[in-house]
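To start, the structure under review is shown below, and the notes come after it.
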Amino acid sequence: MMLVSAKQDREGESDLHPTVDVGDVIDRRLSRYQLGVFFLCAMVVVLDGIDTQVLGIGAPLIVKELAIAPALFGWLFSAATIGAVIGAVICGVLADRVGRKRVLILATGIFGLATLATGLAGSFTDLVVWRFVTGVGLGGAVPCFVALTSEYAPARWRARIVTLMWASFPLGASAGAFINSYIVTYLGWRPLFFLWGAMPLVAALILMVALPESVRFLVARGGRADRVRRIVNRIDPGSASATTVFVARADSNVEGKEDGTPIDLFRQRFAVPSWSLAVISFMTFGTLTLLATWTPTLLAAQGAPPSAGAITVSVYGLGSFLGTSAAGLLFSRFSIVRTTLPAVLGACLAIASIGLVAPAPVPVNIVYVLVGLFLGACSSGAVALAAIVYPTTLRSTGIGWVMGSGRAGAVAGPLIVGMMIAGGWPLSRMMLAVGLSMTVLVPALLLLSRGRLRGD
């Protein structure tokens with residue numbers, strides 16, 4: 001059994017042995033084994049989505065029990081998001097060095113243990129520290145499960161599968177909010193963190209046993225050929241024998257070196273995609289977060305009752321889930337860029353119209369469903385493009401950079417709106433500014449389109 005590079009294969013060094021390109025095996029069918037990988041990755045995504053909103057659910061009780069000034073609570077959200085930026089970038093690089101599976105298990109274990117520790121917190125400082133560590137784990141898991149999903153998905157369905165997997169995030173947040181509202185009402189805030197801290201630890205144990213390493217990564221890094229053979233035969237029984245030579249030809253849509261370091265993201269052919277995707281991710285996830293964070297407060301300032309803000313955030317999340325899911329289906333029929341462009345323009349118009357219809361509940365909720373729908377499609381475009389742009393040995397690093405940029409936007413977006421509120425901006429002016437800012441995605445998407453990426 002041997003593993004060789006594509007270059008060696010072309011030079012005829014493996015002529016005496018049957019050659020199998022692992023990419024061809026993955027591309028020619030969608031087996032139960034591959035579906036199992038997607039399910040395991042989606043399991044982590046759901047837990048990620050649940051964990052991101054646990055703090056908000058428990059906030060009123062935490063403030064009361066620990067005597068925390070409500071104005072300071074925003075630091076807890078920021079601590080988790082800053083940790084997620086760091087985790088996405090560091091774990092993305094690490095996953096391209098030691099493997100997606102190992103780092104995903106590590107990241108899942110980190111956010112599980114840190115969430116448990118949050119439930120034991122006795123002070124504001126404890127909460128800040130543990131939410132920061134939780135964020136590192138949450139952010140670090142993202143490049144791993146996106147890369148694994150991408151590398152086990154057939155090329156013709158890759159964008160659809162990656163985006164459907166990503167749709168598990170708002171699904172987890174929505175389902176978690178329902179479950180957590182019951183827990184916090186009858187059991188208090190600490191059991192929230194005990195439950196959702198224990199679940200990632202159970203998930204990490206399942207991943208250790210059931211999740212395979214990326215077969216593309218194993219071949220690209222010269223992993224054990226017997227491991228590759230077992231995986232290949234699980235995907236397509238009988239396609240590999242003891243003498244099979246395994247190759248992994250370049251699977252990136254942007255030509256370049258098959259090996260690379262983080263600095264290569266910003267050199268030559270990868271520079272334009274890396275910066276364009278960073279802009280798209282920063283703006284999309286920043287806008288998603290600022291609307292989810294500030295909507296109840298902004299509507300209350302317009303005279304809406306507190307319950308109205310909660311309902312609006314719920315329908316906003318539903319719209320985001322639908323948009324994320326629908327985008328995955330559209331990507332298989334149309335190009336990623338051409339699907340995302342109309343979503344950007346729709347988001348611009350829908351966001352700008354918020355100030356025109358508030359606080360009337362029915363029009364506001366209709367507009368927020370549309371905003372969530374369009375922004376969900378935009379976020380899907382960012383994740384799908386990040387998954388297909390980079391070659392195997394740079395994929396997790398690239399995804400980490402893109403998703404870290406999105407987490408950075410999630411920090412900046414709410415802060416910018418907070419400054420607008422402090423400056424006395426009316427709601428209509430704020431939403432117009434936010435909507436117009438989304439137009440920066442148009443040139444970024446056009447630059448990606450000019451790069452002739454598959455799917456655009």
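Each chain of the structure tokens is named A, B, ... in the order shown, its residues numbered from 1; ligands are numbered from 1 in display order.
Shell of A:Arg229 at 8 Å, with only C-alpha atoms counted and residues fewer than 4 places along the chain excluded, is Ala225, Asn233, Ala240, Ser241 and Ala242 of chain A.
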Restricting the output to N, CA and C atoms, write the selected residues as a PDB file, in the first residue's frame.
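To be explicit, this is the file written out as out_22.pdb:
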```pdb
ATOM      1  N   ALA A 225      -1.497   4.316   4.820  1.00  0.00           N
ATOM      2  CA  ALA A 225      -2.276   3.855   3.677  1.00  0.00           C
ATOM      3  C   ALA A 225      -3.381   2.891   4.077  1.00  0.00           C
ATOM      4  N   ASN A 233     -12.816   2.012   1.038  1.00  0.00           N
ATOM      5  CA  ASN A 233     -13.682   0.847   0.871  1.00  0.00           C
ATOM      6  C   ASN A 233     -15.005   0.985   1.620  1.00  0.00           C
ATOM      7  N   ALA A 240     -10.502  -0.517  -3.470  1.00  0.00           N
ATOM      8  CA  ALA A 240      -9.071  -0.442  -3.145  1.00  0.00           C
ATOM      9  C   ALA A 240      -8.599  -1.793  -2.629  1.00  0.00           C
ATOM     10  N   SER A 241      -7.362  -2.147  -3.011  1.00  0.00           N
ATOM     11  CA  SER A 241      -6.761  -3.401  -2.566  1.00  0.00           C
ATOM     12  C   SER A 241      -5.479  -3.108  -1.803  1.00  0.00           C
ATOM     13  N   ALA A 242      -4.797  -4.177  -1.378  1.00  0.00           N
ATOM     14  CA  ALA A 242      -3.578  -4.017  -0.586  1.00  0.00           C
ATOM     15  C   ALA A 242      -2.458  -3.355  -1.369  1.00  0.00           C
TER      16      ALA A 242
END
```
With a distance cut-off of 9 Å and only C-alpha atoms, select the neighbouring residues of A:Gly404, excluding the residue or stretch itself and same-chain residues fewer than 4 positions from it, and output the selection as JSON, numbers by chain. {"A": [84, 85, 86, 87, 88, 89, 139, 278, 281, 282, 399, 400, 408, 409]}
Selection near A:Leu436, 12 Å with only C-alpha atoms, sequence-local residues under 5 positions removed, as a ChimeraX atom specification: /A:283,287,344-353,429-431,441-442
Name the residues of stretch 11-140 of chain A that come out as helix (DSSP H, G or I) in a backbone DSSP run; write them as number ranges by chain. A: 11, 22-27, 32-66, 70-72, 74-98, 100-119, 124-140
List the spatial neighbours of stretch 106-120 of chain A as a PyMOL selection string - criterion: any atom at most 8 Å away, only C-alpha atoms, same-chain residues fewer than 6 positions off excluded. chain A and resi 44+91+126-127+130-131+133-138+140-141+189-201+203-204
May I have the residues from that selection written out with N, CA and C atoms, as a PDB file, in the first residue's frame?
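The resulting file, result37.pdb, is reproduced below:
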```pdb
ATOM      1  N   VAL A  44     -22.282  18.707  15.985  1.00  0.00           N
ATOM      2  CA  VAL A  44     -21.463  19.738  16.635  1.00  0.00           C
ATOM      3  C   VAL A  44     -22.003  21.127  16.307  1.00  0.00           C
ATOM      4  N   CYS A  91      -7.207  27.365  15.447  1.00  0.00           N
ATOM      5  CA  CYS A  91      -7.590  25.975  15.187  1.00  0.00           C
ATOM      6  C   CYS A  91      -7.645  25.672  13.691  1.00  0.00           C
ATOM      7  N   ASP A 126     -15.248  35.399  36.801  1.00  0.00           N
ATOM      8  CA  ASP A 126     -15.343  33.987  36.409  1.00  0.00           C
ATOM      9  C   ASP A 126     -16.104  33.834  35.100  1.00  0.00           C
ATOM     10  N   LEU A 127     -17.213  34.537  35.004  1.00  0.00           N
ATOM     11  CA  LEU A 127     -18.033  34.441  33.799  1.00  0.00           C
ATOM     12  C   LEU A 127     -17.281  34.915  32.566  1.00  0.00           C
ATOM     13  N   TRP A 130     -14.560  32.256  31.570  1.00  0.00           N
ATOM     14  CA  TRP A 130     -15.073  31.008  31.023  1.00  0.00           C
ATOM     15  C   TRP A 130     -15.836  31.196  29.727  1.00  0.00           C
ATOM     16  N   ARG A 131     -16.479  32.341  29.555  1.00  0.00           N
ATOM     17  CA  ARG A 131     -17.129  32.585  28.268  1.00  0.00           C
ATOM     18  C   ARG A 131     -16.101  32.843  27.166  1.00  0.00           C
ATOM     19  N   VAL A 133     -13.123  31.360  27.076  1.00  0.00           N
ATOM     20  CA  VAL A 133     -12.623  30.022  26.739  1.00  0.00           C
ATOM     21  C   VAL A 133     -13.667  29.247  25.935  1.00  0.00           C
ATOM     22  N   THR A 134     -14.943  29.392  26.317  1.00  0.00           N
ATOM     23  CA  THR A 134     -16.009  28.758  25.541  1.00  0.00           C
ATOM     24  C   THR A 134     -15.962  29.233  24.092  1.00  0.00           C
ATOM     25  N   GLY A 135     -15.784  30.530  23.900  1.00  0.00           N
ATOM     26  CA  GLY A 135     -15.701  31.080  22.555  1.00  0.00           C
ATOM     27  C   GLY A 135     -14.553  30.508  21.754  1.00  0.00           C
ATOM     28  N   VAL A 136     -13.415  30.290  22.405  1.00  0.00           N
ATOM     29  CA  VAL A 136     -12.270  29.684  21.711  1.00  0.00           C
ATOM     30  C   VAL A 136     -12.660  28.314  21.158  1.00  0.00           C
ATOM     31  N   GLY A 137     -13.339  27.529  21.977  1.00  0.00           N
ATOM     32  CA  GLY A 137     -13.759  26.208  21.516  1.00  0.00           C
ATOM     33  C   GLY A 137     -14.809  26.271  20.418  1.00  0.00           C
ATOM     34  N   LEU A 138     -15.807  27.146  20.594  1.00  0.00           N
ATOM     35  CA  LEU A 138     -16.857  27.281  19.594  1.00  0.00           C
ATOM     36  C   LEU A 138     -16.291  27.734  18.250  1.00  0.00           C
ATOM     37  N   GLY A 140     -13.163  27.500  17.284  1.00  0.00           N
ATOM     38  CA  GLY A 140     -12.203  26.531  16.783  1.00  0.00           C
ATOM     39  C   GLY A 140     -12.836  25.338  16.103  1.00  0.00           C
ATOM     40  N   ALA A 141     -14.057  25.000  16.484  1.00  0.00           N
ATOM     41  CA  ALA A 141     -14.730  23.855  15.862  1.00  0.00           C
ATOM     42  C   ALA A 141     -15.144  24.143  14.426  1.00  0.00           C
ATOM     43  N   TRP A 189     -30.645  29.113  36.182  1.00  0.00           N
ATOM     44  CA  TRP A 189     -29.687  29.317  35.098  1.00  0.00           C
ATOM     45  C   TRP A 189     -28.518  28.343  35.115  1.00  0.00           C
ATOM     46  N   ARG A 190     -28.103  27.882  36.277  1.00  0.00           N
ATOM     47  CA  ARG A 190     -26.919  27.004  36.320  1.00  0.00           C
ATOM     48  C   ARG A 190     -27.139  25.669  35.600  1.00  0.00           C
ATOM     49  N   PRO A 191     -28.290  25.017  35.747  1.00  0.00           N
ATOM     50  CA  PRO A 191     -28.519  23.772  34.994  1.00  0.00           C
ATOM     51  C   PRO A 191     -28.421  23.940  33.476  1.00  0.00           C
ATOM     52  N   LEU A 192     -28.681  25.153  32.961  1.00  0.00           N
ATOM     53  CA  LEU A 192     -28.492  25.393  31.528  1.00  0.00           C
ATOM     54  C   LEU A 192     -27.062  25.058  31.115  1.00  0.00           C
ATOM     55  N   PHE A 193     -26.115  25.578  31.874  1.00  0.00           N
ATOM     56  CA  PHE A 193     -24.700  25.398  31.532  1.00  0.00           C
ATOM     57  C   PHE A 193     -24.217  23.987  31.847  1.00  0.00           C
ATOM     58  N   PHE A 194     -24.807  23.362  32.878  1.00  0.00           N
ATOM     59  CA  PHE A 194     -24.428  21.981  33.167  1.00  0.00           C
ATOM     60  C   PHE A 194     -24.879  21.045  32.041  1.00  0.00           C
ATOM     61  N   LEU A 195     -26.107  21.225  31.570  1.00  0.00           N
ATOM     62  CA  LEU A 195     -26.617  20.370  30.490  1.00  0.00           C
ATOM     63  C   LEU A 195     -25.830  20.574  29.205  1.00  0.00           C
ATOM     64  N   TRP A 196     -25.684  21.847  28.779  1.00  0.00           N
ATOM     65  CA  TRP A 196     -25.048  22.107  27.490  1.00  0.00           C
ATOM     66  C   TRP A 196     -23.529  22.115  27.581  1.00  0.00           C
ATOM     67  N   GLY A 197     -22.999  21.907  28.781  1.00  0.00           N
ATOM     68  CA  GLY A 197     -21.578  21.614  28.920  1.00  0.00           C
ATOM     69  C   GLY A 197     -21.318  20.122  28.829  1.00  0.00           C
ATOM     70  N   ALA A 198     -22.247  19.324  29.370  1.00  0.00           N
ATOM     71  CA  ALA A 198     -22.086  17.871  29.328  1.00  0.00           C
ATOM     72  C   ALA A 198     -22.290  17.325  27.915  1.00  0.00           C
ATOM     73  N   MET A 199     -23.234  17.893  27.178  1.00  0.00           N
ATOM     74  CA  MET A 199     -23.539  17.361  25.848  1.00  0.00           C
ATOM     75  C   MET A 199     -22.341  17.420  24.888  1.00  0.00           C
ATOM     76  N   PRO A 200     -21.574  18.527  24.824  1.00  0.00           N
ATOM     77  CA  PRO A 200     -20.388  18.513  23.946  1.00  0.00           C
ATOM     78  C   PRO A 200     -19.348  17.480  24.362  1.00  0.00           C
ATOM     79  N   LEU A 201     -19.242  17.187  25.657  1.00  0.00           N
ATOM     80  CA  LEU A 201     -18.287  16.170  26.100  1.00  0.00           C
ATOM     81  C   LEU A 201     -18.732  14.790  25.615  1.00  0.00           C
ATOM     82  N   ALA A 203     -20.526  14.376  22.952  1.00  0.00           N
ATOM     83  CA  ALA A 203     -20.292  14.452  21.502  1.00  0.00           C
ATOM     84  C   ALA A 203     -18.830  14.196  21.168  1.00  0.00           C
ATOM     85  N   ALA A 204     -17.915  14.730  21.983  1.00  0.00           N
ATOM     86  CA  ALA A 204     -16.482  14.526  21.735  1.00  0.00           C
ATOM     87  C   ALA A 204     -16.128  13.043  21.807  1.00  0.00           C
TER      88      ALA A 204
END
```
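Distance check against A:Phe39 using only C-alpha atoms: of A:Ala308, A:Leu164, A:Ile263, A:Leu171, the minimum falls on A:Leu164.
Using only C-alpha atoms, the nearest neighbour of A:Leu94 within the list A:Pro143, A:Pro237, A:Pro296, A:Gly376 is A:Pro143.
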Quick check, in Å to one decimal: how far apart do atom CA of A:Phe217 and atom CA of A:Thr392 lie? 6.2 Å
Show which residues sit within 9 Å of stretch 20-22 of chain A, as a PDB file with N, CA and C atoms, in the first residue's frame. Count only C-alpha atoms, and ignore same-chain residues fewer than 5 positions away.
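Result went into part.pdb, see below:
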```
ATOM      1  N   ALA A   6       0.080  13.717  -6.485  1.00  0.00           N
ATOM      2  CA  ALA A   6      -0.382  13.737  -7.875  1.00  0.00           C
ATOM      3  C   ALA A   6       0.791  13.858  -8.831  1.00  0.00           C
ATOM      4  N   ASP A  27     -16.349  11.675  -5.282  1.00  0.00           N
ATOM      5  CA  ASP A  27     -17.210  12.380  -6.236  1.00  0.00           C
ATOM      6  C   ASP A  27     -18.219  11.482  -6.940  1.00  0.00           C
ATOM      7  N   VAL A 215     -10.104  11.921   4.443  1.00  0.00           N
ATOM      8  CA  VAL A 215      -9.280  11.040   3.625  1.00  0.00           C
ATOM      9  C   VAL A 215      -8.387  11.866   2.693  1.00  0.00           C
ATOM     10  N   ARG A 216      -8.881  13.024   2.246  1.00  0.00           N
ATOM     11  CA  ARG A 216      -8.041  13.903   1.423  1.00  0.00           C
ATOM     12  C   ARG A 216      -6.839  14.384   2.239  1.00  0.00           C
ATOM     13  N   VAL A 219      -4.159  11.571   2.681  1.00  0.00           N
ATOM     14  CA  VAL A 219      -3.316  11.360   1.504  1.00  0.00           C
ATOM     15  C   VAL A 219      -2.388  12.545   1.291  1.00  0.00           C
ATOM     16  N   VAL A 228      -6.394   4.900   4.908  1.00  0.00           N
ATOM     17  CA  VAL A 228      -7.017   5.406   3.688  1.00  0.00           C
ATOM     18  C   VAL A 228      -7.796   4.303   2.996  1.00  0.00           C
ATOM     19  N   VAL A 232     -11.754   4.398   2.040  1.00  0.00           N
ATOM     20  CA  VAL A 232     -12.154   4.313   0.638  1.00  0.00           C
ATOM     21  C   VAL A 232     -13.111   3.143   0.414  1.00  0.00           C
ATOM     22  N   SER A 239     -13.159  -0.954  -3.946  1.00  0.00           N
ATOM     23  CA  SER A 239     -12.456  -0.082  -4.884  1.00  0.00           C
ATOM     24  C   SER A 239     -10.963   0.028  -4.605  1.00  0.00           C
ATOM     25  N   ALA A 240     -10.502  -0.517  -3.470  1.00  0.00           N
ATOM     26  CA  ALA A 240      -9.071  -0.442  -3.145  1.00  0.00           C
ATOM     27  C   ALA A 240      -8.599  -1.793  -2.629  1.00  0.00           C
ATOM     28  N   THR A 244      -2.974  -0.974  -3.750  1.00  0.00           N
ATOM     29  CA  THR A 244      -3.457   0.275  -4.345  1.00  0.00           C
ATOM     30  C   THR A 244      -2.581   1.458  -3.940  1.00  0.00           C
ATOM     31  N   VAL A 245      -2.315   2.296  -4.915  1.00  0.00           N
ATOM     32  CA  VAL A 245      -1.625   3.565  -4.669  1.00  0.00           C
ATOM     33  C   VAL A 245      -2.692   4.656  -4.603  1.00  0.00           C
ATOM     34  N   PHE A 246      -2.697   5.424  -3.532  1.00  0.00           N
ATOM     35  CA  PHE A 246      -3.703   6.472  -3.354  1.00  0.00           C
ATOM     36  C   PHE A 246      -3.111   7.834  -3.685  1.00  0.00           C
ATOM     37  N   VAL A 247      -3.859   8.609  -4.443  1.00  0.00           N
ATOM     38  CA  VAL A 247      -3.439   9.968  -4.772  1.00  0.00           C
ATOM     39  C   VAL A 247      -4.578  10.912  -4.441  1.00  0.00           C
ATOM     40  N   ALA A 248      -4.226  12.171  -4.260  1.00  0.00           N
ATOM     41  CA  ALA A 248      -5.228  13.216  -4.016  1.00  0.00           C
ATOM     42  C   ALA A 248      -4.838  14.397  -4.876  1.00  0.00           C
ATOM     43  N   ARG A 249      -5.386  14.430  -6.069  1.00  0.00           N
ATOM     44  CA  ARG A 249      -5.058  15.534  -6.961  1.00  0.00           C
ATOM     45  C   ARG A 249      -5.643  16.819  -6.428  1.00  0.00           C
TER      46      ARG A 249
END
```
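Omitting A:Ser168 and its sequence neighbours fewer than 5 positions away, and counting only C-alpha atoms, the residues within 7 Å are Ala42, Val45 and Val46 of chain A.
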Expected file contents, prior selection, N, CA, C and O atoms, as a compact mmCIF listing (two decimals), in the first residue's frame:
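The resulting result_10.txt:
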```txt
# COMPACT_ATOMS: atom_id res chain seq x y z
N ALA A 42 -22.86 17.92 11.75
CA ALA A 42 -24.06 18.69 12.05
C ALA A 42 -24.39 18.64 13.54
O ALA A 42 -24.91 19.61 14.11
N VAL A 45 -22.47 21.32 15.06
CA VAL A 45 -23.02 22.62 14.67
C VAL A 45 -24.25 22.96 15.51
O VAL A 45 -24.42 24.10 15.96
N VAL A 46 -25.12 21.98 15.73
CA VAL A 46 -26.31 22.20 16.56
C VAL A 46 -25.91 22.63 17.96
O VAL A 46 -26.47 23.58 18.53
```
Leaving out stretch 36-38 of chain A and any residue of its chain fewer than 2 positions from it, which residues lie within 9 Å of it when counting only C-alpha atoms, given as JSON, numbers by chain? {"A": [31, 32, 33, 34, 40, 41, 42, 43, 145, 148, 149, 152, 153, 161, 162, 165, 210, 211, 212]}
Residues from last step as file, all heavy atoms, as a short mmCIF file (atom, residue, chain, number, x, y, z; two decimals), in the first residue's frame:
```
data_model
loop_
_atom_site.label_atom_id
_atom_site.label_comp_id
_atom_site.auth_asym_id
_atom_site.auth_seq_id
_atom_site.Cartn_x
_atom_site.Cartn_y
_atom_site.Cartn_z
N SER A 31 -22.43 7.93 -0.23
CA SER A 31 -22.68 6.71 0.53
C SER A 31 -23.21 7.00 1.92
O SER A 31 -23.17 8.14 2.41
CB SER A 31 -21.37 5.90 0.64
OG SER A 31 -20.43 6.63 1.43
N ARG A 32 -23.67 5.95 2.59
CA ARG A 32 -24.11 6.10 3.98
C ARG A 32 -22.95 6.52 4.88
O ARG A 32 -23.15 7.21 5.88
CB ARG A 32 -24.72 4.78 4.48
CG ARG A 32 -26.11 4.49 3.93
CD ARG A 32 -26.72 3.27 4.57
NE ARG A 32 -25.96 2.06 4.24
CZ ARG A 32 -26.24 0.85 4.73
NH1 ARG A 32 -27.27 0.69 5.56
NH2 ARG A 32 -25.52 -0.20 4.39
N TYR A 33 -21.75 6.10 4.52
CA TYR A 33 -20.58 6.47 5.31
C TYR A 33 -20.37 7.98 5.27
O TYR A 33 -20.11 8.61 6.29
CB TYR A 33 -19.35 5.75 4.75
CG TYR A 33 -18.11 5.88 5.60
CD1 TYR A 33 -18.00 5.20 6.81
CD2 TYR A 33 -17.03 6.67 5.19
CE1 TYR A 33 -16.85 5.31 7.59
CE2 TYR A 33 -15.89 6.77 5.95
CZ TYR A 33 -15.81 6.09 7.16
OH TYR A 33 -14.68 6.21 7.92
N GLN A 34 -20.48 8.57 4.08
CA GLN A 34 -20.35 10.02 3.95
C GLN A 34 -21.47 10.74 4.69
O GLN A 34 -21.24 11.74 5.37
CB GLN A 34 -20.35 10.42 2.47
CG GLN A 34 -19.09 9.98 1.72
CD GLN A 34 -19.30 9.93 0.23
OE1 GLN A 34 -19.90 8.98 -0.28
NE2 GLN A 34 -18.84 10.94 -0.48
N LEU A 40 -22.45 13.68 11.93
CA LEU A 40 -21.61 13.95 13.09
C LEU A 40 -21.17 15.41 13.12
O LEU A 40 -21.13 16.04 14.19
CB LEU A 40 -20.39 13.03 13.07
CG LEU A 40 -20.69 11.54 13.31
CD1 LEU A 40 -19.43 10.70 13.05
CD2 LEU A 40 -21.20 11.31 14.72
N CYS A 41 -20.86 15.97 11.96
CA CYS A 41 -20.48 17.39 11.90
C CYS A 41 -21.67 18.27 12.27
O CYS A 41 -21.54 19.24 13.02
CB CYS A 41 -19.97 17.74 10.51
SG CYS A 41 -18.34 17.04 10.11
N ALA A 42 -22.86 17.92 11.75
CA ALA A 42 -24.06 18.69 12.05
C ALA A 42 -24.39 18.64 13.54
O ALA A 42 -24.91 19.61 14.11
CB ALA A 42 -25.24 18.18 11.23
N MET A 43 -24.09 17.53 14.18
CA MET A 43 -24.30 17.41 15.62
C MET A 43 -23.52 18.48 16.39
O MET A 43 -24.05 19.12 17.31
CB MET A 43 -23.86 16.01 16.10
CG MET A 43 -23.90 15.80 17.60
SD MET A 43 -23.30 14.15 18.06
CE MET A 43 -21.54 14.28 17.60
N PHE A 145 -15.29 21.37 11.19
CA PHE A 145 -16.46 20.67 10.66
C PHE A 145 -16.84 21.15 9.26
O PHE A 145 -17.39 20.38 8.47
CB PHE A 145 -17.65 20.68 11.62
CG PHE A 145 -18.20 22.02 12.05
CD1 PHE A 145 -18.75 22.91 11.14
CD2 PHE A 145 -18.23 22.36 13.39
CE1 PHE A 145 -19.29 24.12 11.54
CE2 PHE A 145 -18.78 23.56 13.81
CZ PHE A 145 -19.31 24.45 12.89
N LEU A 148 -14.23 19.19 7.02
CA LEU A 148 -14.57 17.77 6.94
C LEU A 148 -15.78 17.54 6.04
O LEU A 148 -15.80 16.63 5.20
CB LEU A 148 -14.84 17.22 8.34
CG LEU A 148 -13.65 16.65 9.10
CD1 LEU A 148 -14.00 16.44 10.57
CD2 LEU A 148 -13.19 15.34 8.48
N THR A 149 -16.81 18.35 6.24
CA THR A 149 -18.00 18.21 5.40
C THR A 149 -17.67 18.44 3.94
O THR A 149 -18.10 17.67 3.07
CB THR A 149 -19.08 19.22 5.85
OG1 THR A 149 -19.41 18.97 7.22
CG2 THR A 149 -20.34 19.09 5.00
N TYR A 152 -15.65 15.45 2.34
CA TYR A 152 -16.36 14.19 2.13
C TYR A 152 -17.57 14.34 1.22
O TYR A 152 -18.28 13.37 0.95
CB TYR A 152 -16.80 13.59 3.47
CG TYR A 152 -15.72 12.71 4.09
CD1 TYR A 152 -14.94 13.18 5.15
CD2 TYR A 152 -15.48 11.44 3.60
CE1 TYR A 152 -13.95 12.38 5.70
CE2 TYR A 152 -14.48 10.64 4.15
CZ TYR A 152 -13.73 11.11 5.20
OH TYR A 152 -12.73 10.33 5.73
N ALA A 153 -17.82 15.57 0.73
CA ALA A 153 -18.97 15.81 -0.14
C ALA A 153 -18.56 15.70 -1.61
O ALA A 153 -17.53 16.23 -2.01
CB ALA A 153 -19.54 17.20 0.12
N ILE A 161 -24.40 20.61 0.32
CA ILE A 161 -24.22 19.86 1.57
C ILE A 161 -23.62 20.74 2.66
O ILE A 161 -24.04 20.70 3.82
CB ILE A 161 -23.36 18.61 1.31
CG1 ILE A 161 -24.16 17.61 0.46
CG2 ILE A 161 -22.92 17.96 2.62
CD1 ILE A 161 -23.35 16.43 -0.03
N VAL A 162 -22.62 21.54 2.30
CA VAL A 162 -21.99 22.42 3.29
C VAL A 162 -23.01 23.41 3.85
O VAL A 162 -23.07 23.64 5.07
CB VAL A 162 -20.78 23.16 2.68
CG1 VAL A 162 -20.31 24.26 3.61
CG2 VAL A 162 -19.64 22.18 2.41
N MET A 165 -25.54 21.69 6.10
CA MET A 165 -24.90 21.42 7.39
C MET A 165 -24.87 22.69 8.23
O MET A 165 -25.18 22.69 9.43
CB MET A 165 -23.49 20.88 7.16
CG MET A 165 -22.68 20.58 8.42
SD MET A 165 -21.79 22.02 9.09
CE MET A 165 -20.73 22.47 7.74
N ALA A 210 -16.46 7.43 16.20
CA ALA A 210 -17.19 7.27 14.94
C ALA A 210 -16.71 8.16 13.79
O ALA A 210 -16.97 7.84 12.62
CB ALA A 210 -18.68 7.55 15.19
N LEU A 211 -16.04 9.26 14.08
CA LEU A 211 -15.68 10.20 13.01
C LEU A 211 -14.34 9.85 12.38
O LEU A 211 -13.34 9.71 13.10
CB LEU A 211 -15.62 11.63 13.56
CG LEU A 211 -15.33 12.73 12.54
CD1 LEU A 211 -16.52 12.91 11.60
CD2 LEU A 211 -15.01 14.05 13.24
N PRO A 212 -14.26 9.70 11.05
CA PRO A 212 -12.97 9.47 10.40
C PRO A 212 -12.23 10.78 10.16
O PRO A 212 -12.85 11.85 10.11
CB PRO A 212 -13.36 8.82 9.08
CG PRO A 212 -14.68 9.47 8.75
CD PRO A 212 -15.38 9.67 10.08
#
```
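Among the candidates A:Pro443, A:Gly413, A:Gly418, A:Pro359, the residue lying nearest to A:Val337 is A:Pro443 (atoms considered: only C-alpha atoms).
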